[in-house]
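> I am attaching a structure below and will ask some questions about it afterwards.
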Amino acid sequence: MPQQIVIGIDLGVNTLLAATDGAQAVLVSGRAAKATVQYRHKRLASCSQAQSTQTKGSRRWKRLQRRKARMLAKTHRRLRDLAHKATRTVVAAFPGAMCYVGKPFNDAAQHLRPKQAQQVSSACNVRLIAQLAYKTCGAIAVDEHYTSQTCPVCGERNKTRRIYRCRSCGITAPRDVIGSVNILAVGRQHALVPGRSVPHAVQWVHPVKYPGPKPGSSPGHSGNSLGISQEAPTRSLR
Ligand SMILES: [Zn+2]
C-alpha cells in the first residue's frame, strides 16, 4: 500500500482552487467563475429594472420573468460545470490524495469590494468542498486564519497582494500557493510551524474539460477514468 498523498487546498476568487502536496502546486483560475457571477448580477439587475415599469403579472412582465429564470438556470449550469472541471483538475494532478481545505471566511473581501467578494465566493465554495469530498479520498476543512499571510519558511506575517513577498527572508511566491502550503501544515501539524519550503513547480491552469497528465492524448473523448458523472456539453463558455 503506497503512502497516502496529502494535499492542502486554498479556495479563492481569482484563483478558484490552489492545491499543493508540498513539492508541486496547481492553481486553477477562477476568472471564468467570477465573470459568470458578475454577469448574473448584472443581468438580474437589468431584468428587475425593466420589470419595475411593468404591471406585475402582465404579458411583458411574465416575459421578463421567463428571461430571468432562463438566465439564472444557465449561469447555475455554467458555475456547476466550472466547479466540476476545477475539482477534477485537482484530482487529476494529485490522484488518490486526501485533502485539507481551508474553511473560507472571505479573506478576499479585503481586496475586492466587499459585496462583490461575498457573492463570488459564496457562490462556489460550498459546492467545491462538497465535490472535493467525494472526488478525493476525503476532504477535511481546516481553519485558514493567517494562512495567506504567514511565511512558511520563517513564520513572519506579511500582508501582500497577489504575489507574496516575505520581508524578513525574502521568499517570493504566488499568494495562493503560500495559502495552500500553510493549509497543508495546519492539517498535518495543527499549527503554522516555520521551516517549510515553498513548492517550486507551480502550474497555472484553467478549468477545462478532461485535464490530465497527458494533455496531448486524443482530446475530446479521452475516457472518464475517475468515474465522475458527465454533464451534457454546455456550449456556453464563450
Ligand atoms: Zn519569510
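By order of appearance in the C-alpha cells: chains A, B, ..., then residues from 1 within every chain, and ligands from 1 in the order shown.
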Hey, what does DSSP flag as helix (DSSP H, G or I) within segment 51-112 of chain A? Can you give it to me as a PyMOL selection string?
chain A and resi 51+59-93+107-110
> Neighbouring residues of segment 136-151 of chain A were defined as those with any atom within 6 Å, considering only C-alpha atoms; residues of the same chain fewer than 6 positions away were excluded. Please report them as a PyMOL selection string.
chain A and resi 97-103+157-159+178-179+182
> Take the selection from the previous step and output its residues with N, CA and C atoms, as a PDB file, in the first residue's frame.

```pdb
ATOM      1  N   ALA A  97      -5.418  11.418  -3.535  1.00  0.00           N
ATOM      2  CA  ALA A  97      -4.977  12.228  -2.402  1.00  0.00           C
ATOM      3  C   ALA A  97      -6.102  12.480  -1.403  1.00  0.00           C
ATOM      4  N   MET A  98      -5.682  12.730  -0.177  1.00  0.00           N
ATOM      5  CA  MET A  98      -6.603  13.157   0.862  1.00  0.00           C
ATOM      6  C   MET A  98      -6.367  14.654   0.989  1.00  0.00           C
ATOM      7  N   CYS A  99      -7.417  15.450   1.160  1.00  0.00           N
ATOM      8  CA  CYS A  99      -7.132  16.882   1.161  1.00  0.00           C
ATOM      9  C   CYS A  99      -7.652  17.639   2.371  1.00  0.00           C
ATOM     10  N   TYR A 100      -6.882  18.644   2.720  1.00  0.00           N
ATOM     11  CA  TYR A 100      -7.297  19.614   3.728  1.00  0.00           C
ATOM     12  C   TYR A 100      -7.711  20.869   2.989  1.00  0.00           C
ATOM     13  N   VAL A 101      -8.914  21.332   3.272  1.00  0.00           N
ATOM     14  CA  VAL A 101      -9.422  22.517   2.592  1.00  0.00           C
ATOM     15  C   VAL A 101      -9.556  23.650   3.608  1.00  0.00           C
ATOM     16  N   GLY A 102      -9.043  24.802   3.234  1.00  0.00           N
ATOM     17  CA  GLY A 102      -9.185  25.963   4.115  1.00  0.00           C
ATOM     18  C   GLY A 102     -10.634  26.375   4.208  1.00  0.00           C
ATOM     19  N   LYS A 103     -11.132  26.422   5.418  1.00  0.00           N
ATOM     20  CA  LYS A 103     -12.525  26.811   5.618  1.00  0.00           C
ATOM     21  C   LYS A 103     -12.645  28.293   5.287  1.00  0.00           C
ATOM     22  N   ARG A 157       4.634  37.254   9.488  1.00  0.00           N
ATOM     23  CA  ARG A 157       3.382  37.584   8.802  1.00  0.00           C
ATOM     24  C   ARG A 157       3.578  38.798   7.914  1.00  0.00           C
ATOM     25  N   ASN A 158       3.121  38.661   6.685  1.00  0.00           N
ATOM     26  CA  ASN A 158       3.189  39.762   5.728  1.00  0.00           C
ATOM     27  C   ASN A 158       1.834  39.888   5.050  1.00  0.00           C
ATOM     28  N   LYS A 159       1.368  41.121   4.931  1.00  0.00           N
ATOM     29  CA  LYS A 159       0.140  41.328   4.160  1.00  0.00           C
ATOM     30  C   LYS A 159       0.556  41.693   2.751  1.00  0.00           C
ATOM     31  N   ILE A 178       1.189  30.056  -1.201  1.00  0.00           N
ATOM     32  CA  ILE A 178       1.500  30.203   0.229  1.00  0.00           C
ATOM     33  C   ILE A 178       0.319  29.712   1.065  1.00  0.00           C
ATOM     34  N   GLY A 179      -0.882  30.133   0.654  1.00  0.00           N
ATOM     35  CA  GLY A 179      -2.094  29.724   1.373  1.00  0.00           C
ATOM     36  C   GLY A 179      -2.253  28.216   1.424  1.00  0.00           C
ATOM     37  N   ASN A 182       0.342  26.504   3.665  1.00  0.00           N
ATOM     38  CA  ASN A 182       0.023  26.678   5.081  1.00  0.00           C
ATOM     39  C   ASN A 182      -1.183  25.853   5.501  1.00  0.00           C
TER      40      ASN A 182
END
```
> Please report as CSV every residue of chain A lying within 9 Å of ligand 1, along with the nearest atom pair and their distance in Å (one decimal), using only C-alpha atoms and all ligand atoms.

```
residue,atom,partner,partner_atom_place_in_ligand_line,distance
A:Thr150,CA,ligand 1,1 (Zn),7.9
A:Cys151,CA,ligand 1,1 (Zn),4.6
A:Pro152,CA,ligand 1,1 (Zn),6.7
A:Val153,CA,ligand 1,1 (Zn),5.1
A:Cys154,CA,ligand 1,1 (Zn),4.2
A:Gly155,CA,ligand 1,1 (Zn),6.0
A:Glu156,CA,ligand 1,1 (Zn),5.5
A:Arg157,CA,ligand 1,1 (Zn),7.9
A:Asn158,CA,ligand 1,1 (Zn),8.5
A:Arg165,CA,ligand 1,1 (Zn),7.9
A:Cys166,CA,ligand 1,1 (Zn),4.6
A:Arg167,CA,ligand 1,1 (Zn),6.6
A:Ser168,CA,ligand 1,1 (Zn),5.3
A:Cys169,CA,ligand 1,1 (Zn),4.1
A:Gly170,CA,ligand 1,1 (Zn),6.0
A:Ile171,CA,ligand 1,1 (Zn),6.0
A:Thr172,CA,ligand 1,1 (Zn),8.9
A:Pro194,CA,ligand 1,1 (Zn),8.6
```
> Pick out the closest residue to Ala92 of chain A from this set: A:Arg80, A:Arg67, A:Lys135, A:Arg188. Count only C-alpha atoms.
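Ranking A:Arg80, A:Arg67, A:Lys135, A:Arg188 by distance to Ala92 of chain A, first place goes to A:Lys135.
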> List as a PyMOL selection string the protein and nucleic acid residues near Gln54 of chain A, meaning an atom at most 12 Å away when only C-alpha atoms are counted, but skip any in the same chain fewer than 6 places from it.
chain A and resi 47-48+60-65
> From the list A:Thr75, A:Gln4, A:Ser58, A:Gln24, which residue is nearest Lys42 of chain A when using only C-alpha atoms?
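Selected residue with least distance to Lys42 of chain A: A:Thr75.
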